[in-house]
file protein23.txt (compact mmCIF, C-alpha atoms and all ligand atoms)
# COMPACT_ATOMS: atom_id res chain seq x y z
CA MET A 1 -41.92 12.40 -37.86
CA VAL A 2 -38.45 10.87 -37.69
CA ILE A 3 -36.80 9.09 -34.73
CA ASP A 4 -33.04 8.64 -34.39
CA ALA A 5 -33.19 6.00 -31.67
CA GLU A 6 -29.45 5.82 -31.03
CA ARG A 7 -29.43 9.44 -29.85
CA CYS A 8 -32.38 8.90 -27.50
CA LYS A 9 -31.98 8.75 -23.70
CA GLY A 10 -35.52 7.61 -22.94
CA CYS A 11 -36.76 10.68 -21.03
CA ALA A 12 -40.31 10.32 -22.46
CA LEU A 13 -40.86 14.05 -22.94
CA CYS A 14 -41.87 13.45 -26.58
CA VAL A 15 -44.36 10.78 -25.53
CA GLU A 16 -45.92 12.97 -22.85
CA PHE A 17 -46.17 16.21 -24.81
CA CYS A 18 -47.20 14.94 -28.25
CA PRO A 19 -50.67 16.52 -28.52
CA THR A 20 -52.18 13.55 -30.35
CA ASP A 21 -50.55 10.60 -28.53
CA VAL A 22 -48.63 9.33 -31.52
CA LEU A 23 -45.77 7.89 -29.47
CA ALA A 24 -45.08 5.40 -26.70
CA LEU A 25 -41.81 4.25 -25.15
CA SER A 26 -40.93 0.90 -26.70
CA SER A 27 -39.67 -2.13 -24.81
CA SER A 28 -36.58 -2.35 -27.06
CA PHE A 29 -33.20 -1.06 -25.93
CA THR A 30 -30.75 1.30 -27.61
CA ALA A 31 -27.05 0.39 -27.54
CA LYS A 32 -26.77 2.53 -24.39
CA GLY A 33 -29.67 0.75 -22.72
CA TYR A 34 -32.44 3.33 -23.06
CA HIS A 35 -35.99 2.69 -24.25
CA PRO A 36 -36.60 4.89 -27.31
CA PRO A 37 -40.07 5.97 -28.43
CA GLU A 38 -41.99 4.06 -31.07
CA ILE A 39 -44.85 5.17 -33.27
CA VAL A 40 -48.17 3.74 -32.12
CA ARG A 41 -50.64 6.02 -33.99
CA PRO A 42 -48.91 7.10 -37.20
CA GLU A 43 -52.13 8.41 -38.75
CA ALA A 44 -52.53 10.90 -35.87
CA CYS A 45 -49.20 12.70 -36.48
CA SER A 46 -49.72 16.25 -37.72
CA GLY A 47 -46.00 16.97 -38.15
CA CYS A 48 -46.29 19.77 -35.58
CA ASP A 49 -42.67 19.23 -34.39
CA LEU A 50 -43.51 19.69 -30.70
CA CYS A 51 -41.60 16.45 -30.07
CA GLY A 52 -38.63 18.02 -31.87
CA MET A 53 -38.83 21.15 -29.73
CA TYR A 54 -38.91 19.14 -26.50
CA CYS A 55 -36.39 16.39 -27.21
CA PRO A 56 -33.25 17.22 -25.16
CA ASP A 57 -31.20 14.83 -27.29
CA PHE A 58 -32.11 16.00 -30.82
CA ALA A 59 -33.37 12.45 -31.41
CA ILE A 60 -36.84 13.13 -32.87
CA TYR A 61 -38.57 15.78 -34.96
CA GLY A 62 -41.70 16.31 -36.94
CA TYR A 63 -42.20 17.96 -40.31
CA ARG A 64 -44.99 18.74 -42.73
CA LEU A 65 -44.56 18.11 -46.43
CA MET B 1 -39.02 12.85 -49.09
CA SER B 2 -37.29 13.27 -45.78
CA VAL B 3 -36.42 16.57 -44.18
CA GLU B 4 -33.49 17.14 -41.83
CA ASN B 5 -33.99 17.87 -38.14
CA PRO B 6 -34.21 21.71 -38.00
CA VAL B 7 -31.63 21.80 -35.21
CA GLU B 8 -29.07 19.79 -37.18
CA ARG B 9 -27.44 22.50 -39.27
CA TYR B 10 -26.71 24.47 -36.11
CA LEU B 11 -24.99 21.53 -34.39
CA ARG B 12 -21.43 20.31 -34.56
CA SER B 13 -22.81 16.87 -35.41
CA ASP B 14 -19.40 15.22 -34.93
CA ARG B 15 -19.67 16.15 -31.24
CA MET B 16 -23.04 14.39 -30.81
CA PRO B 17 -24.25 12.68 -28.70
CA HIS B 18 -23.79 15.46 -26.18
CA ILE B 19 -22.82 14.90 -22.54
CA TRP B 20 -26.05 16.19 -20.98
CA CYS B 21 -27.94 13.76 -18.74
CA PRO B 22 -31.22 12.08 -19.77
CA GLY B 23 -34.01 14.68 -19.59
CA CYS B 24 -31.67 17.64 -18.96
CA GLY B 25 -33.48 20.79 -20.09
CA ILE B 26 -30.52 22.42 -21.82
CA GLY B 27 -31.09 20.51 -25.09
CA THR B 28 -34.72 21.64 -25.14
CA THR B 29 -33.59 25.28 -24.95
CA VAL B 30 -31.18 24.66 -27.84
CA ASN B 31 -34.05 23.35 -30.00
CA CYS B 32 -36.00 26.52 -29.33
CA PHE B 33 -32.98 28.76 -29.85
CA THR B 34 -32.10 27.29 -33.26
CA ARG B 35 -35.70 27.58 -34.45
CA ALA B 36 -35.72 31.18 -33.18
CA ILE B 37 -32.58 31.93 -35.22
CA ASP B 38 -34.26 30.43 -38.30
CA GLU B 39 -37.33 32.61 -37.80
CA SER B 40 -35.32 35.74 -37.03
CA GLY B 41 -33.69 35.62 -40.47
CA ILE B 42 -30.26 36.31 -38.93
CA PRO B 43 -27.71 34.49 -41.12
CA MET B 44 -25.59 31.88 -39.35
CA ASP B 45 -22.39 33.71 -40.25
CA ARG B 46 -23.59 36.92 -38.54
CA LEU B 47 -24.28 35.23 -35.20
CA ALA B 48 -21.85 34.44 -32.39
CA VAL B 49 -22.63 32.38 -29.29
CA VAL B 50 -20.56 32.99 -26.18
CA SER B 51 -20.74 30.79 -23.07
CA GLY B 52 -19.03 30.56 -19.72
CA ILE B 53 -18.35 27.31 -17.88
CA GLY B 54 -20.96 24.81 -16.76
CA CYS B 55 -23.26 22.25 -18.34
CA THR B 56 -25.05 25.13 -20.08
CA GLY B 57 -21.68 26.57 -21.02
CA ARG B 58 -21.20 23.64 -23.36
CA VAL B 59 -23.79 25.11 -25.73
CA ALA B 60 -21.10 27.27 -27.34
CA GLY B 61 -19.02 24.19 -28.07
CA TYR B 62 -21.90 22.28 -29.60
CA MET B 63 -23.16 25.01 -31.92
CA HIS B 64 -21.91 25.22 -35.47
CA VAL B 65 -21.66 29.02 -35.56
CA ASP B 66 -18.86 31.32 -34.47
CA SER B 67 -18.68 30.46 -30.80
CA PHE B 68 -16.56 31.19 -27.84
CA HIS B 69 -16.37 28.94 -24.75
CA THR B 70 -14.81 31.35 -22.27
CA THR B 71 -13.71 31.18 -18.64
CA HIS B 72 -16.15 30.81 -15.75
CA GLY B 73 -18.30 33.90 -15.26
CA ARG B 74 -16.65 35.89 -18.04
CA ALA B 75 -18.90 35.23 -21.02
CA ILE B 76 -20.27 38.79 -20.94
CA PRO B 77 -16.85 40.50 -20.93
CA PHE B 78 -15.71 38.37 -23.88
CA ALA B 79 -19.00 39.07 -25.65
CA THR B 80 -18.60 42.80 -25.00
CA GLY B 81 -15.21 42.84 -26.67
CA LEU B 82 -16.56 40.84 -29.58
CA LYS B 83 -19.53 43.14 -30.06
CA LEU B 84 -17.48 46.34 -29.89
CA ALA B 85 -14.92 45.02 -32.36
CA ALA B 86 -17.50 43.54 -34.73
CA PRO B 87 -20.61 45.73 -34.36
CA ASP B 88 -22.61 44.02 -37.07
CA MET B 89 -22.43 40.60 -35.42
CA LYS B 90 -25.43 39.49 -33.36
CA VAL B 91 -23.83 38.40 -30.10
CA VAL B 92 -25.64 35.95 -27.81
CA VAL B 93 -24.43 34.96 -24.36
CA TYR B 94 -25.78 31.51 -23.45
CA SER B 95 -24.95 30.33 -19.95
CA GLY B 96 -26.09 29.01 -16.59
CA ASP B 97 -27.44 30.69 -13.48
CA GLY B 98 -24.23 30.11 -11.53
CA ASP B 99 -21.98 31.35 -14.30
CA LEU B 100 -24.04 34.47 -15.06
CA PHE B 101 -25.20 35.48 -11.58
CA ALA B 102 -22.66 34.20 -9.03
CA ILE B 103 -19.11 34.60 -10.33
CA GLY B 104 -20.36 36.61 -13.33
CA GLY B 105 -23.02 38.73 -11.62
CA ASN B 106 -20.95 41.90 -11.74
CA HIS B 107 -20.66 41.70 -15.53
CA PHE B 108 -24.37 41.12 -15.97
CA ILE B 109 -25.40 44.21 -14.03
CA HIS B 110 -23.01 46.46 -15.93
CA ALA B 111 -23.85 45.08 -19.37
CA ALA B 112 -27.53 45.76 -18.60
CA ARG B 113 -26.72 49.22 -17.20
CA ARG B 114 -24.76 50.10 -20.32
CA ASN B 115 -27.49 48.64 -22.54
CA LEU B 116 -24.95 46.75 -24.61
CA ASP B 117 -26.54 45.46 -27.78
CA MET B 118 -26.53 41.73 -26.97
CA THR B 119 -28.85 38.92 -25.94
CA VAL B 120 -28.30 36.98 -22.74
CA ILE B 121 -30.02 33.60 -22.39
CA CYS B 122 -29.84 32.06 -18.93
CA VAL B 123 -30.69 28.40 -18.47
CA ASN B 124 -31.72 28.62 -14.83
CA ASN B 125 -31.69 25.12 -13.35
CA LEU B 126 -31.40 26.59 -9.84
CA THR B 127 -28.06 24.88 -9.18
CA TYR B 128 -24.44 24.43 -10.22
CA GLY B 129 -25.08 21.36 -12.35
CA MET B 130 -21.60 20.70 -13.61
CA THR B 131 -19.83 20.71 -10.26
CA GLY B 132 -22.22 18.62 -8.19
CA GLY B 133 -25.37 20.55 -7.35
CA GLN B 134 -24.19 23.34 -5.08
CA LEU B 135 -26.29 26.37 -4.11
CA THR B 136 -26.44 29.23 -6.64
CA PRO B 137 -27.81 32.77 -6.22
CA THR B 138 -31.09 31.54 -7.70
CA THR B 139 -31.64 28.41 -5.57
CA PRO B 140 -35.05 28.84 -3.91
CA GLU B 141 -35.36 29.09 -0.13
CA GLU B 142 -35.62 25.66 1.54
CA ALA B 143 -34.18 23.81 -1.48
CA ILE B 144 -31.63 21.10 -0.73
CA ALA B 145 -28.23 21.47 -2.40
CA SER B 146 -24.96 19.66 -1.82
CA THR B 147 -23.80 22.74 0.13
CA SER B 148 -27.11 23.17 1.97
CA PRO B 149 -28.04 19.67 3.13
CA TYR B 150 -30.69 21.02 5.53
CA GLY B 151 -32.09 23.42 2.94
CA ASN B 152 -31.27 26.92 1.74
CA PHE B 153 -31.78 29.88 4.09
CA GLU B 154 -30.47 32.55 1.68
CA HIS B 155 -32.81 34.82 -0.24
CA PRO B 156 -32.31 34.21 -3.98
CA PHE B 157 -32.14 36.68 -6.86
CA ASN B 158 -35.31 37.32 -8.80
CA LEU B 159 -33.62 37.49 -12.22
CA PRO B 160 -36.25 39.42 -14.22
CA TYR B 161 -36.37 42.09 -11.49
CA LEU B 162 -32.57 42.26 -11.40
CA ALA B 163 -32.40 42.61 -15.20
CA GLU B 164 -35.09 45.27 -15.36
CA SER B 165 -33.64 47.28 -12.46
CA CYS B 166 -30.22 47.32 -14.09
CA GLY B 167 -31.57 48.54 -17.41
CA ALA B 168 -32.37 45.61 -19.73
CA VAL B 169 -34.74 46.64 -22.53
CA TYR B 170 -36.28 43.20 -23.06
CA VAL B 171 -36.96 40.72 -20.26
CA ALA B 172 -38.88 37.45 -20.50
CA ARG B 173 -39.10 34.24 -18.51
CA TRP B 174 -40.40 30.86 -19.65
CA THR B 175 -39.83 27.28 -18.60
CA THR B 176 -38.74 24.35 -20.76
CA TYR B 177 -42.39 23.27 -20.76
CA HIS B 178 -43.26 26.44 -22.77
CA VAL B 179 -41.37 25.59 -25.94
CA THR B 180 -43.31 27.74 -28.42
CA GLN B 181 -43.35 30.78 -26.13
CA MET B 182 -39.65 30.31 -25.37
CA LYS B 183 -38.84 30.21 -29.08
CA LYS B 184 -40.86 33.39 -29.67
CA ALA B 185 -39.16 35.17 -26.77
CA MET B 186 -35.73 34.15 -28.06
CA LYS B 187 -36.64 35.44 -31.52
CA GLU B 188 -37.87 38.76 -30.10
CA ALA B 189 -34.73 39.05 -28.00
CA LEU B 190 -32.53 38.35 -31.04
CA LEU B 191 -34.28 41.09 -33.00
CA LYS B 192 -34.34 43.62 -30.14
CA LYS B 193 -31.74 46.36 -30.20
CA GLY B 194 -30.06 46.71 -26.81
CA PHE B 195 -29.65 44.39 -23.85
CA SER B 196 -32.22 41.59 -24.00
CA PHE B 197 -32.58 38.88 -21.39
CA VAL B 198 -34.43 35.56 -21.53
CA GLU B 199 -34.55 33.36 -18.44
CA VAL B 200 -35.52 29.73 -18.98
CA ILE B 201 -36.38 27.67 -15.90
CA SER B 202 -35.00 24.25 -16.73
CA PRO B 203 -34.70 20.85 -15.07
CA CYS B 204 -31.44 19.43 -13.77
CA PRO B 205 -32.90 16.06 -12.82
CA THR B 206 -29.55 14.62 -11.79
CA LEU B 207 -28.54 17.15 -9.15
CA TYR B 208 -31.58 19.27 -8.35
CA GLY B 209 -34.75 17.32 -9.16
CA ARG B 210 -33.82 14.10 -7.44
CA ARG B 211 -32.32 15.75 -4.39
CA ASN B 212 -35.44 17.86 -3.93
CA ARG B 213 -37.78 14.91 -4.44
CA ILE B 214 -39.26 16.41 -7.58
CA GLY B 215 -38.46 13.24 -9.49
CA ASP B 216 -37.11 12.95 -13.00
CA SER B 217 -37.26 15.46 -15.82
CA LEU B 218 -40.77 14.53 -16.88
CA ASP B 219 -42.03 14.97 -13.30
CA GLU B 220 -40.38 18.39 -13.09
CA MET B 221 -41.88 19.39 -16.45
CA LYS B 222 -45.32 18.46 -15.12
CA THR B 223 -44.76 20.73 -12.10
CA TYR B 224 -43.89 23.57 -14.52
CA LYS B 225 -47.13 22.91 -16.34
CA THR B 226 -49.23 23.06 -13.17
CA ARG B 227 -47.32 25.81 -11.35
CA SER B 228 -46.84 28.28 -14.21
CA VAL B 229 -49.01 31.35 -14.52
CA ILE B 230 -48.67 33.44 -17.69
CA LYS B 231 -48.63 37.17 -16.89
CA ASN B 232 -47.27 39.26 -19.72
CA GLY B 233 -46.30 42.70 -18.45
CA ALA B 234 -46.18 41.50 -14.82
CA ASP B 235 -44.41 43.70 -12.30
CA THR B 236 -41.01 42.00 -12.07
CA LYS B 237 -40.88 42.73 -8.31
CA GLU B 238 -43.57 40.11 -7.98
CA VAL B 239 -42.08 37.22 -9.92
CA ASP B 240 -39.90 35.66 -7.19
CA LEU B 241 -39.53 31.89 -7.37
CA GLY B 242 -40.06 29.54 -4.46
CA MET B 243 -39.98 25.77 -4.07
CA THR B 244 -43.76 25.81 -4.37
CA GLY B 245 -46.26 28.44 -5.47
CA PRO B 246 -46.64 30.03 -8.88
CA ILE B 247 -43.91 30.28 -11.48
CA VAL B 248 -44.83 33.56 -13.17
CA VAL B 249 -43.83 33.44 -16.84
CA GLY B 250 -44.24 35.83 -19.75
CA LYS B 251 -42.76 38.86 -21.43
CA PHE B 252 -42.24 41.37 -18.65
CA VAL B 253 -40.28 44.24 -20.21
CA ASP B 254 -40.04 45.60 -23.78
CA ARG B 255 -38.83 49.21 -23.89
CA GLU B 256 -36.34 51.49 -25.63
CA ARG B 257 -33.12 53.02 -24.28
CA THR B 258 -30.04 54.37 -26.03
CA THR B 259 -27.49 51.59 -26.44
CA TYR B 260 -23.89 51.78 -25.26
CA GLN B 261 -22.65 51.85 -28.83
CA ASP B 262 -25.03 54.60 -29.96
CA ALA B 263 -24.26 56.68 -26.88
CA MET B 264 -20.53 56.29 -27.51
CA GLU B 265 -20.81 57.23 -31.20
CA ALA B 266 -22.93 60.28 -30.45
CA PHE B 267 -20.76 61.41 -27.57
CA TYR B 268 -17.41 61.14 -29.33
CA SER B 269 -18.77 62.57 -32.57
CA ARG B 270 -19.90 65.60 -30.58
CA LYS B 271 -16.68 65.89 -28.59
CA LEU B 272 -14.18 65.09 -31.32
CA GLY B 273 -16.01 65.87 -34.56
CA ASN B 274 -14.29 64.35 -37.58
CA ARG B 275 -11.29 63.32 -35.50
CA TYR B 276 -13.47 60.47 -34.20
CA VAL B 277 -12.91 57.21 -36.12
CA ARG B 278 -15.62 54.57 -35.73
CA ALA B 279 -14.65 51.01 -34.73
CA SER B 280 -15.85 49.50 -37.99
CA GLN B 281 -18.58 50.08 -40.52
C1 LIG C 301 -12.86 30.23 -11.71
C2 LIG C 301 -13.66 28.97 -11.58
N1 LIG C 301 -14.29 28.72 -10.43
C3 LIG C 301 -15.04 27.60 -10.30
C4 LIG C 301 -15.14 26.73 -11.34
C5 LIG C 301 -15.96 25.48 -11.17
N2 LIG C 301 -17.22 25.52 -11.88
C6 LIG C 301 -17.36 24.97 -13.12
S1 LIG C 301 -18.92 25.08 -13.72
C7 LIG C 301 -19.44 25.84 -12.29
C8 LIG C 301 -20.87 26.24 -12.07
C9 LIG C 301 -21.77 26.08 -13.21
O1 LIG C 301 -23.08 26.37 -12.82
P1 LIG C 301 -24.09 27.02 -13.83
O2 LIG C 301 -23.52 28.22 -14.45
O3 LIG C 301 -25.40 27.20 -13.12
O4 LIG C 301 -24.19 25.95 -14.99
P2 LIG C 301 -24.93 24.52 -15.03
O5 LIG C 301 -23.85 23.50 -14.93
O6 LIG C 301 -25.91 24.46 -13.93
O7 LIG C 301 -25.59 24.54 -16.38
C10 LIG C 301 -18.40 26.01 -11.37
C11 LIG C 301 -18.54 26.62 -10.05
C12 LIG C 301 -14.46 27.02 -12.53
N3 LIG C 301 -14.55 26.23 -13.60
N4 LIG C 301 -13.71 28.16 -12.63
S1 LIG C 302 -44.75 15.84 -34.93
FE1 LIG C 302 -46.31 16.49 -33.42
S2 LIG C 302 -47.99 15.03 -33.72
FE2 LIG C 302 -46.18 14.11 -34.69
S3 LIG C 302 -45.24 12.83 -33.09
FE3 LIG C 302 -44.24 14.83 -32.98
S4 LIG C 302 -45.44 15.94 -31.41
FE4 LIG C 302 -46.68 14.20 -32.08
S1 LIG C 303 -37.73 13.24 -26.01
FE1 LIG C 303 -35.95 12.51 -27.22
S2 LIG C 303 -34.59 11.55 -25.71
FE2 LIG C 303 -36.59 11.78 -24.73
S3 LIG C 303 -37.63 9.79 -25.14
FE3 LIG C 303 -38.23 11.20 -26.78
S4 LIG C 303 -36.73 10.82 -28.43
FE4 LIG C 303 -35.89 9.95 -26.56
S1 LIG C 304 -25.86 17.70 -14.25
FE1 LIG C 304 -27.86 18.69 -14.45
S2 LIG C 304 -27.49 20.49 -15.79
FE2 LIG C 304 -25.72 19.10 -16.01
S3 LIG C 304 -26.20 17.81 -17.79
FE3 LIG C 304 -26.89 16.70 -15.96
S4 LIG C 304 -29.04 17.28 -15.74
FE4 LIG C 304 -28.11 18.79 -17.12
MG MG C 305 -27.12 26.09 -13.22

call {"tool": "encode", "arguments": {"input": "protein23.txt", "output": "structure tokens"}}
result
Amino acid sequence: MVIDAERCKGCALCVEFCPTDVLALSSSFTAKGYHPPEIVRPEACSGCDLCGMYCPDFAIYGYRL
Amino acid sequence: MSVENPVERYLRSDRMPHIWCPGCGIGTTVNCFTRAIDESGIPMDRLAVVSGIGCTGRVAGYMHVDSFHTTHGRAIPFATGLKLAAPDMKVVVYSGDGDLFAIGGNHFIHAARRNLDMTVICVNNLTYGMTGGQLTPTTPEEAIASTSPYGNFEHPFNLPYLAESCGAVYVARWTTYHVTQMKKAMKEALLKKGFSFVEVISPCPTLYGRRNRIGDSLDEMKTYKTRSVIKNGADTKEVDLGMTGPIVVGKFVDRERTTYQDAMEAFYSRKLGNRYVRASQ
């Protein structure tokens, strides 16, 4: 999956609704002061794109090769 | 290899980031809508998106298809003109609960009655988001709004029941928690001939969620998850929304009726014979 952190507004929907707990909000800040998600379990990502469907800011999406 | 975000080709990327608040549900509905367009097979140049005014109304301005950001409440009249002049366009009205059912309510009931061949998507956040969180015709009883500081005593519209009673041929309701079902409903609505209606219950954390002590967007999404009950084919009379209690979601109506355009063609062909000239072919 791909994260465009500068679009993110830190709502955590992607973190909550990822079915395999791939993501967590990081402690870093975007230029606007939000905490974007970071990948904590890369091997668990199926590319299902649920994060992409939820993200209100078009800042993350998943894909399968 | 990297693949582009599936929403990207439908966005006016130069207008990103958008103005919606953190956690606002409107962006989630746009993700589902663009994936539904992809799956429907409708080419981008055959699709028009028409919005009224409001936070949801900005969808027309952000989408990289033929789009029309009209005046408040009048998305359906503009869309009607567009559809009648360009019958092979797929016309989608995308707007908020206030725009479509307060100032624009009259247009909604007549478009459904006429069975105009168009899709209406309502992002129902139960409030006038853009103007400061006033009461709309869908605000649940008891809910606090800037114009009802002690709570709402008015009885709200039940939108699926309204749509069905007026004549819509496809009616579904989902919440922004139900992303895959919402995408499927939007796809079915896009492919349905006649007046199709999809209601999406969506968080406005800034002006509805906080004021009603629901919390932020994630908290409201969790309430959708626990409160929702899927009942495809439910009697729309029974899908009222309250502050608490079940949120009944599903596909409620899928039926056939003669469309406005087909009725007009048949009627004038019969009355006028070959003197009748069709709008465009
Ligand atoms: C004729 C007219 N009256 C009032 C307004 C002010 N106004 C702008 S948006 C809006 C309501 C929007 O509410 P809704 O359609 O629910 O959209 P939301 O912002 O919640 O997505 C109002 C009353 C206006 N722009 N034009
Ligand atoms: S693509 Fe699916 S599995 Fe991967 S991070 Fe997104 S939601 Fe989680
Ligand atoms: S859903 Fe989008 S905006 Fe929200 S935290 Fe995840 S990447 Fe950021
Ligand atoms: S005011 Fe409400 S509806 Fe408007 S962008 Fe903010 S959260 Fe969304
Ligand atoms: Mg609204």

call {"tool": "closest_residue", "arguments": {"input": "protein23.txt", "among": "B:Ala75, B:Met44, B:Cys32, B:Leu126", "to": "chain A", "atoms": "only C-alpha atoms"}}
result
B:Cys32

call {"tool": "interface_residues", "arguments": {"input": "protein23.txt", "of": "chain B", "to": "chain A", "cutoff": "10 Å", "atoms": "all atoms listed in the file", "output": "NGL selection string"}}
result
:B and (1-8 or 11 or 16-35 or 176-180 or 183 or 216-219 or 221-222)

call {"tool": "atom_distance", "arguments": {"input": "protein23.txt", "atom1": "CA of Asn158 (chain B)", "atom2": "CA of Lys193 (chain B)"}}
result
23.5 Å

call {"tool": "residues_near_ligand", "arguments": {"input": "protein23.txt", "ligand": "ligand LIG 301 (chain C)", "cutoff": "9 Å", "atoms": "only C-alpha atoms and all ligand atoms", "output": "PyMOL selection string"}}
result
chain B and resi 26+52-58+71-73+95-103+122-134+136+138+204

call {"tool": "atom_distance", "arguments": {"input": "protein23.txt", "atom1": "CA of Val249 (chain B)", "atom2": "CA of Phe108 (chain B)"}}
result
20.9 Å

call {"tool": "atom_distance", "arguments": {"input": "protein23.txt", "atom1": "CA of His35 (chain A)", "atom2": "atom S4 of ligand LIG 302 (chain C)"}}
result
17.8 Å

call {"tool": "residues_around", "arguments": {"input": "protein23.txt", "residues": "region 264-280 of chain B", "least_positions_apart": "4", "cutoff": "12 Å", "atoms": "only C-alpha atoms", "output": "ChimeraX atom specification"}}
result
/B:81-89,114-116,258-260

call {"tool": "closest_residue", "arguments": {"input": "protein23.txt", "among": "B:Ala79, B:Val200, B:Ala143, B:Ala60", "to": "Gly242 (chain B)", "atoms": "all atoms listed in the file"}}
result
B:Ala143

call {"tool": "closest_residue", "arguments": {"input": "protein23.txt", "among": "A:Val15, A:Leu25, A:Thr20, A:Ala5", "to": "Arg41 (chain A)", "atoms": "only C-alpha atoms"}}
result
A:Thr20

call {"tool": "residues_around", "arguments": {"input": "protein23.txt", "residues": "Pro43 (chain B)", "least_positions_apart": "3", "cutoff": "10 Å", "atoms": "only C-alpha atoms", "output": "ChimeraX atom specification"}}
result
/B:37-38,40,46-47,65,89-90

call {"tool": "residues_around", "arguments": {"input": "protein23.txt", "residues": "Ile39 (chain A)", "least_positions_apart": "3", "cutoff": "9 Å", "atoms": "all atoms listed in the file", "output": "list in words"}}
result
Val22, Leu23, Ala24, Leu25, Ser26 and Pro42 of chain A

call {"tool": "axis_aligned_box", "arguments": {"input": "protein23.txt", "around": "region 264-281 of chain B", "padding_each_side": "5 Å", "output": "AutoDock Vina command-line options"}}
result
--center_x -17.1 --center_y 57.7 --center_z -34.0 --size_x 21.6 --size_y 26.4 --size_z 23.0

call {"tool": "build_atoms", "arguments": {"input": "protein23.txt", "residues": "region 65-77 of chain B", "atoms": "N, CA, C and O atoms", "output": "PDB file, keeping the file's coordinate frame"}}
result
ATOM      1  N   VAL B  65     -21.741  27.609 -35.145  1.00  0.00           N
ATOM      2  CA  VAL B  65     -21.660  29.020 -35.560  1.00  0.00           C
ATOM      3  C   VAL B  65     -20.374  29.528 -34.914  1.00  0.00           C
ATOM      4  O   VAL B  65     -19.737  28.791 -34.156  1.00  0.00           O
ATOM      5  N   ASP B  66     -20.007  30.773 -35.179  1.00  0.00           N
ATOM      6  CA  ASP B  66     -18.860  31.320 -34.470  1.00  0.00           C
ATOM      7  C   ASP B  66     -19.181  31.260 -32.989  1.00  0.00           C
ATOM      8  O   ASP B  66     -20.199  31.788 -32.546  1.00  0.00           O
ATOM      9  N   SER B  67     -18.341  30.591 -32.215  1.00  0.00           N
ATOM     10  CA  SER B  67     -18.680  30.460 -30.800  1.00  0.00           C
ATOM     11  C   SER B  67     -17.410  30.522 -29.970  1.00  0.00           C
ATOM     12  O   SER B  67     -16.302  30.285 -30.449  1.00  0.00           O
ATOM     13  N   PHE B  68     -17.651  30.866 -28.726  1.00  0.00           N
ATOM     14  CA  PHE B  68     -16.560  31.190 -27.840  1.00  0.00           C
ATOM     15  C   PHE B  68     -16.897  30.578 -26.481  1.00  0.00           C
ATOM     16  O   PHE B  68     -17.878  30.971 -25.851  1.00  0.00           O
ATOM     17  N   HIS B  69     -16.156  29.568 -26.055  1.00  0.00           N
ATOM     18  CA  HIS B  69     -16.370  28.940 -24.750  1.00  0.00           C
ATOM     19  C   HIS B  69     -15.335  29.560 -23.823  1.00  0.00           C
ATOM     20  O   HIS B  69     -14.161  29.221 -23.886  1.00  0.00           O
ATOM     21  N   THR B  70     -15.763  30.498 -23.007  1.00  0.00           N
ATOM     22  CA  THR B  70     -14.810  31.350 -22.270  1.00  0.00           C
ATOM     23  C   THR B  70     -14.563  30.792 -20.865  1.00  0.00           C
ATOM     24  O   THR B  70     -14.930  29.665 -20.569  1.00  0.00           O
ATOM     25  N   THR B  71     -13.970  31.602 -20.020  1.00  0.00           N
ATOM     26  CA  THR B  71     -13.710  31.180 -18.640  1.00  0.00           C
ATOM     27  C   THR B  71     -14.961  31.394 -17.788  1.00  0.00           C
ATOM     28  O   THR B  71     -15.904  32.084 -18.184  1.00  0.00           O
ATOM     29  N   HIS B  72     -14.958  30.808 -16.599  1.00  0.00           N
ATOM     30  CA  HIS B  72     -16.150  30.810 -15.750  1.00  0.00           C
ATOM     31  C   HIS B  72     -16.538  32.226 -15.338  1.00  0.00           C
ATOM     32  O   HIS B  72     -15.741  32.958 -14.759  1.00  0.00           O
ATOM     33  N   GLY B  73     -17.771  32.591 -15.652  1.00  0.00           N
ATOM     34  CA  GLY B  73     -18.300  33.900 -15.260  1.00  0.00           C
ATOM     35  C   GLY B  73     -17.993  35.020 -16.223  1.00  0.00           C
ATOM     36  O   GLY B  73     -18.510  36.127 -16.079  1.00  0.00           O
ATOM     37  N   ARG B  74     -17.144  34.768 -17.219  1.00  0.00           N
ATOM     38  CA  ARG B  74     -16.650  35.890 -18.040  1.00  0.00           C
ATOM     39  C   ARG B  74     -17.220  35.897 -19.452  1.00  0.00           C
ATOM     40  O   ARG B  74     -16.663  36.540 -20.337  1.00  0.00           O
ATOM     41  N   ALA B  75     -18.332  35.219 -19.666  1.00  0.00           N
ATOM     42  CA  ALA B  75     -18.900  35.230 -21.020  1.00  0.00           C
ATOM     43  C   ALA B  75     -19.257  36.655 -21.448  1.00  0.00           C
ATOM     44  O   ALA B  75     -18.984  37.050 -22.584  1.00  0.00           O
ATOM     45  N   ILE B  76     -19.843  37.433 -20.558  1.00  0.00           N
ATOM     46  CA  ILE B  76     -20.270  38.790 -20.940  1.00  0.00           C
ATOM     47  C   ILE B  76     -19.085  39.685 -21.278  1.00  0.00           C
ATOM     48  O   ILE B  76     -19.121  40.383 -22.302  1.00  0.00           O
ATOM     49  N   PRO B  77     -18.001  39.694 -20.502  1.00  0.00           N
ATOM     50  CA  PRO B  77     -16.850  40.500 -20.930  1.00  0.00           C
ATOM     51  C   PRO B  77     -16.288  40.091 -22.296  1.00  0.00           C
ATOM     52  O   PRO B  77     -15.979  40.959 -23.117  1.00  0.00           O
TER      53      PRO B  77
END
